[in-house]
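Asker: This is the structure, below, for whatever I ask next.
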Amino acid sequence: MALIGTREDGVRLTDLVKSYGDVHAVRGVTLSIRPGETVALLGPNGAGKSTTIDMMLGLTRPDSGTVTLFGSTPPEAVRAGVVGGMLQTGSLLGFLSVRELVTMVASLYPHPLDVSEALRLTGTTEIADRLATKLSGGQTQRVRMAIALVGDPDLLVLDEPTAALDVESRRDFWTAMRAVAAGGKTVVFATHYLEEADAYADRIVLMARGLVVADGPPTEIKARVGGRTIRATLPGIDQAALASLPGVTRADKRGDAFVLTCPDSPASDAALRELLVRYPTTSDIEVRGAGLEEAFLDLTGDESSEATTA
Amino acid sequence: MRNLTYLRFELLRTLRNYRFLIFSLGFPLILFLTIAGAHKNLKLDGISFPLYYLSGMTAWGTMSAVISSGARIAQERTVGWTRQLRVTPLKTSDYFLAKVLSGYLMALLNIVVLALAGTLIAVRLSAAQWLTMLGLILVGLIPFAILGILLGHLLTVDTLGPVIGGGTSLLALVGGAYGQLATGGPFLAVVKYIPSYWLVQAGRSALGGGNAWPTQAWIVLAAWSLILARVAARVFRRDTARV
């Protein structure tokens, strides 16, 4: 299969729109990804990440707009074996060992990696002889990564690869993923963990309500959504006093309780220390990362209210 | 199918499914041994009863094998494996072909097991008769292999068991696999439009005692194959467009 474009064209999504009945899953996404880039699609559930990825892989046809992968349509690119995908849901095929399953998938590609190499890269060598259906969640995800990778694709697309994993499995997964991305592949992954996007991507594309709301290097995105909130109870305290605490950008009173908003964790640490020094009787203290959902609401502003009425 | 590695693992998976293997080979075998074994010297329609029953059980067993193989697509759809395959270069036609060939492998095992049991009980056939029977069965299974793929796209994992079990038993019953239901009249005329009737007759015609496959058999089998393939293609397109 001759590809029309070249690898240099990278991945291009142009004005993608997809609705499921009344649900406007993707409402006009345009995105250009250079070869070799590792891009995180970051957003809360329902942001349109999975739908965008499905259209990128040719699993879903857009209502309008186009996708080109290295100058070809997604089905052409998939048939040519230049795409590897790790989908969000699904278990592995029964009655085969991990090594057999990866070998089976490798046989479908024109220039696959050595199976042992794929197993080594994903840290699955030790479980290679176990049945693919008898693995833990973390092991299953790493085998699924081996499956996505063994064809040695130029583009690797991963849809929330660590969604169901505990902290340790997530770390193992990304350690393996780093080794893979170091090989010059173009990698696109969806996640709703800001820390993951920050730690593993060159670039973060922030999605909310079917739109791209921010696009840039992790430091830039993090500054916009990485805040902390402190909630606590202290009867009789006045709002101005709270707002004057160090590191606090905003203070809200809710009866006897209050909420302090801080831009990042050093700021919230400073605010909390001073709070306890000045008002030792403060109780019910709760410090949280500002949820992505809240951050998105801030970022999307007016557009979000338009989206909810649409 | 150029990809023999893929096919090899598909066949391996079929053979490793021991529970399925034991039941799908075991049921027709046990029925044959107990019923045909108990009436070794009986004659029916001019042929010996064990021969008669052998062809019925072979039709039933092979039909179940090829339908089940295709229907297992339902399970792979449910767990998302077919979606995973759709982002690999595997052609859909090769995916289906591998399922059909797995079904035929099971069907062949069925035929071999029943033929050995038949020989044990005193069924004596020439090599030419065995080969005729084999050839006709393999052709007669085509519509059922397509039906399996169709059901694989219509059923869920929950409905798979009862529909396949009940459906094949019904097809086998009407087709006369457990014993001819009608030897004439309007009922037989209707039954002759059902492909399982001809699958049962495939066994019998090779034995030399029953009715040979007339033109009607070829037409009925071809028509069912075409219709089922058309419906299966439509259901497949609808299925892949939605996800």
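Chain identifiers are assigned as A, B, and so on, following the order in which chains appear in the structure tokens; residues are numbered from 1 within each chain, and ligands are numbered from 1 in order of appearance.
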Determine which residues of region 25-224 of chain B DSSP labels as strand (DSSP E) from the backbone of this structure, then write them out as a VMD selection string.

Answerer: chain B and resid 43 to 44 47 to 48

Asker: Can you check which residues of chain B have any atom within 7 Å of chain A? Use only C-alpha atoms and format it as a compact mmCIF listing (two decimals) with N, CA and C atoms, in the first residue's frame.

Answerer:
# COMPACT_ATOMS: atom_id res chain seq x y z
N THR B 5 0.36 -17.68 10.41
CA THR B 5 0.63 -17.56 11.85
C THR B 5 -0.67 -17.23 12.58
N TYR B 6 -1.39 -16.25 12.02
CA TYR B 6 -2.66 -15.85 12.64
C TYR B 6 -3.61 -17.04 12.68
N PHE B 9 -2.76 -19.73 15.34
CA PHE B 9 -3.16 -19.41 16.71
C PHE B 9 -4.67 -19.49 16.90
N ARG B 13 -6.37 -21.97 19.58
CA ARG B 13 -7.33 -21.51 20.59
C ARG B 13 -8.55 -22.42 20.62
N ARG B 16 -7.66 -25.64 22.33
CA ARG B 16 -7.38 -25.51 23.76
C ARG B 16 -8.64 -25.28 24.59
N ASN B 17 -9.74 -25.02 23.92
CA ASN B 17 -10.99 -24.79 24.63
C ASN B 17 -11.58 -26.16 24.97
N VAL B 79 -15.85 -8.17 24.62
CA VAL B 79 -14.67 -7.77 25.39
C VAL B 79 -13.82 -6.74 24.65
N GLY B 80 -14.24 -6.34 23.46
CA GLY B 80 -13.52 -5.28 22.76
C GLY B 80 -12.36 -5.77 21.90
N TRP B 81 -12.24 -7.09 21.74
CA TRP B 81 -11.11 -7.60 20.97
C TRP B 81 -11.25 -7.28 19.47
N GLN B 84 -9.96 -3.92 18.87
CA GLN B 84 -8.49 -3.93 18.88
C GLN B 84 -7.97 -4.41 17.51
N VAL B 87 -7.77 -1.92 14.58
CA VAL B 87 -6.66 -0.97 14.43
C VAL B 87 -5.36 -1.70 14.06
N THR B 88 -5.49 -2.93 13.58
CA THR B 88 -4.34 -3.65 13.00
C THR B 88 -4.62 -3.85 11.51
N PRO B 89 -3.61 -4.24 10.73
CA PRO B 89 -3.85 -4.43 9.30
C PRO B 89 -4.69 -5.68 8.94
N LEU B 90 -5.15 -6.46 9.92
CA LEU B 90 -5.93 -7.66 9.60
C LEU B 90 -7.17 -7.31 8.80
N ALA B 241 -20.30 0.59 12.18
CA ALA B 241 -20.57 2.02 12.05
C ALA B 241 -20.92 2.63 13.39
N VAL B 243 -20.02 1.62 16.63
CA VAL B 243 -19.02 1.74 17.71
C VAL B 243 -17.93 2.76 17.36

Asker: Excluding His192 (chain A) and any residue of its chain fewer than 6 positions from it, enumerate the residues within 10 Å of it, using only C-alpha atoms, and give them as a list in words.

Answerer: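 Selected residues are Ala40, Leu41, Leu42, Gly43, Pro44, Asn45, Ala47, Lys49, Glu160, Thr162, Ala163, Leu206, Met207, Leu292 and Glu293 of chain A.
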
Asker: For the residues selected in the previous step, produce a file with C-alpha atoms as a compact mmCIF listing (two decimals), in the first residue's frame.

Answerer:
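Once written, out.txt looks like this:
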# COMPACT_ATOMS: atom_id res chain seq x y z
CA ALA A 40 -1.50 14.28 25.92
CA LEU A 41 -5.20 14.82 25.38
CA LEU A 42 -6.18 15.96 28.85
CA GLY A 43 -9.73 16.45 30.00
CA PRO A 44 -12.48 15.23 32.32
CA ASN A 45 -14.89 12.45 31.40
CA ALA A 47 -14.61 15.99 27.17
CA LYS A 49 -11.14 12.56 24.17
CA GLU A 160 -6.64 6.36 28.93
CA THR A 162 -3.86 3.84 33.07
CA ALA A 163 -7.50 4.60 33.91
CA LEU A 206 -6.71 20.40 27.02
CA MET A 207 -10.20 19.31 26.01
CA LEU A 292 -9.79 19.34 36.62
CA GLU A 293 -13.52 19.66 36.19

Asker: So, counting only C-alpha atoms, which residue among B:Leu207, B:Ala115, B:Ala177, B:Leu228 is closest to Tyr53 (chain B)?

Answerer: B:Ala177

Asker: If we count only C-alpha atoms, what is near Thr82 (chain B) at a cut-off of 9 Å, once residues fewer than 5 positions away on the same chain are taken out, given as a PyMOL selection string?

Answerer: chain B and resi 73+76-77

Asker: Name the residues in contact with Arg288 (chain A) at a cut-off of 7 Å, using only C-alpha atoms, excluding same-chain residues fewer than 3 positions from it; report them as a list of chain:residue names.

Answerer: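 Once the adjacent positions are removed, what remains is A:Arg228, A:Thr229, A:Ile230.
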
Asker: Within 12 Å of Glu220 (chain A), counting only C-alpha atoms, which residues show up once you throw out same-chain ones fewer than 3 positions away? Write them as number ranges by chain, please.

Answerer: A: 198, 202-206, 214-217, 223-226

Asker: Using only C-alpha atoms, which protein or nucleic acid residues come within 10 Å of region 180-187 of chain B? Drop anything in the same chain fewer than 2 positions from it, and give the result as a PDB file with N, CA and C atoms, in the first residue's frame.

Answerer:
ATOM      1  N   ASP B  45     -35.465 -47.603   6.317  1.00  0.00           N
ATOM      2  CA  ASP B  45     -35.386 -47.084   4.941  1.00  0.00           C
ATOM      3  C   ASP B  45     -34.423 -47.916   4.097  1.00  0.00           C
ATOM      4  N   TYR B  52     -27.641 -45.091   9.375  1.00  0.00           N
ATOM      5  CA  TYR B  52     -28.663 -44.061   9.347  1.00  0.00           C
ATOM      6  C   TYR B  52     -28.406 -43.032  10.447  1.00  0.00           C
ATOM      7  N   GLY B  56     -27.025 -38.790  10.792  1.00  0.00           N
ATOM      8  CA  GLY B  56     -27.771 -37.778  11.549  1.00  0.00           C
ATOM      9  C   GLY B  56     -26.912 -37.088  12.591  1.00  0.00           C
ATOM     10  N   LEU B 173     -33.349 -31.282  14.373  1.00  0.00           N
ATOM     11  CA  LEU B 173     -34.608 -32.037  14.521  1.00  0.00           C
ATOM     12  C   LEU B 173     -35.426 -31.970  13.234  1.00  0.00           C
ATOM     13  N   VAL B 174     -35.640 -30.750  12.748  1.00  0.00           N
ATOM     14  CA  VAL B 174     -36.435 -30.554  11.535  1.00  0.00           C
ATOM     15  C   VAL B 174     -35.751 -31.207  10.334  1.00  0.00           C
ATOM     16  N   GLY B 175     -34.423 -31.114  10.304  1.00  0.00           N
ATOM     17  CA  GLY B 175     -33.686 -31.708   9.195  1.00  0.00           C
ATOM     18  C   GLY B 175     -33.647 -33.231   9.229  1.00  0.00           C
ATOM     19  N   GLY B 176     -34.095 -33.809  10.344  1.00  0.00           N
ATOM     20  CA  GLY B 176     -34.151 -35.256  10.426  1.00  0.00           C
ATOM     21  C   GLY B 176     -32.900 -35.906  10.998  1.00  0.00           C
ATOM     22  N   ALA B 177     -32.081 -35.114  11.697  1.00  0.00           N
ATOM     23  CA  ALA B 177     -30.832 -35.666  12.228  1.00  0.00           C
ATOM     24  C   ALA B 177     -31.089 -36.711  13.305  1.00  0.00           C
ATOM     25  N   TYR B 178     -32.178 -36.546  14.070  1.00  0.00           N
ATOM     26  CA  TYR B 178     -32.496 -37.520  15.124  1.00  0.00           C
ATOM     27  C   TYR B 178     -33.411 -38.615  14.616  1.00  0.00           C
ATOM     28  N   ALA B 189     -42.119 -31.506   1.911  1.00  0.00           N
ATOM     29  CA  ALA B 189     -41.876 -30.518   0.853  1.00  0.00           C
ATOM     30  C   ALA B 189     -41.304 -29.234   1.436  1.00  0.00           C
ATOM     31  N   VAL B 190     -41.825 -28.832   2.610  1.00  0.00           N
ATOM     32  CA  VAL B 190     -41.326 -27.607   3.261  1.00  0.00           C
ATOM     33  C   VAL B 190     -39.918 -27.839   3.808  1.00  0.00           C
ATOM     34  N   VAL B 191     -39.747 -28.985   4.463  1.00  0.00           N
ATOM     35  CA  VAL B 191     -38.462 -29.310   5.086  1.00  0.00           C
ATOM     36  C   VAL B 191     -37.331 -29.309   4.057  1.00  0.00           C
ATOM     37  N   LYS B 192     -37.678 -29.628   2.827  1.00  0.00           N
ATOM     38  CA  LYS B 192     -36.655 -29.684   1.783  1.00  0.00           C
ATOM     39  C   LYS B 192     -36.093 -28.310   1.416  1.00  0.00           C
ATOM     40  N   TYR B 197     -31.781 -30.190   6.333  1.00  0.00           N
ATOM     41  CA  TYR B 197     -32.313 -31.429   5.746  1.00  0.00           C
ATOM     42  C   TYR B 197     -31.277 -32.027   4.801  1.00  0.00           C
ATOM     43  N   VAL B 200     -28.222 -33.556   6.511  1.00  0.00           N
ATOM     44  CA  VAL B 200     -28.489 -34.921   6.960  1.00  0.00           C
ATOM     45  C   VAL B 200     -28.457 -35.872   5.763  1.00  0.00           C
TER      46      VAL B 200
END

Asker: Between CA of Met63 (chain B) and CA of Asp239 (chain B), what is the distance, to one decimal in Å?

Answerer: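 Distance between the two atoms: 25.2 Å.
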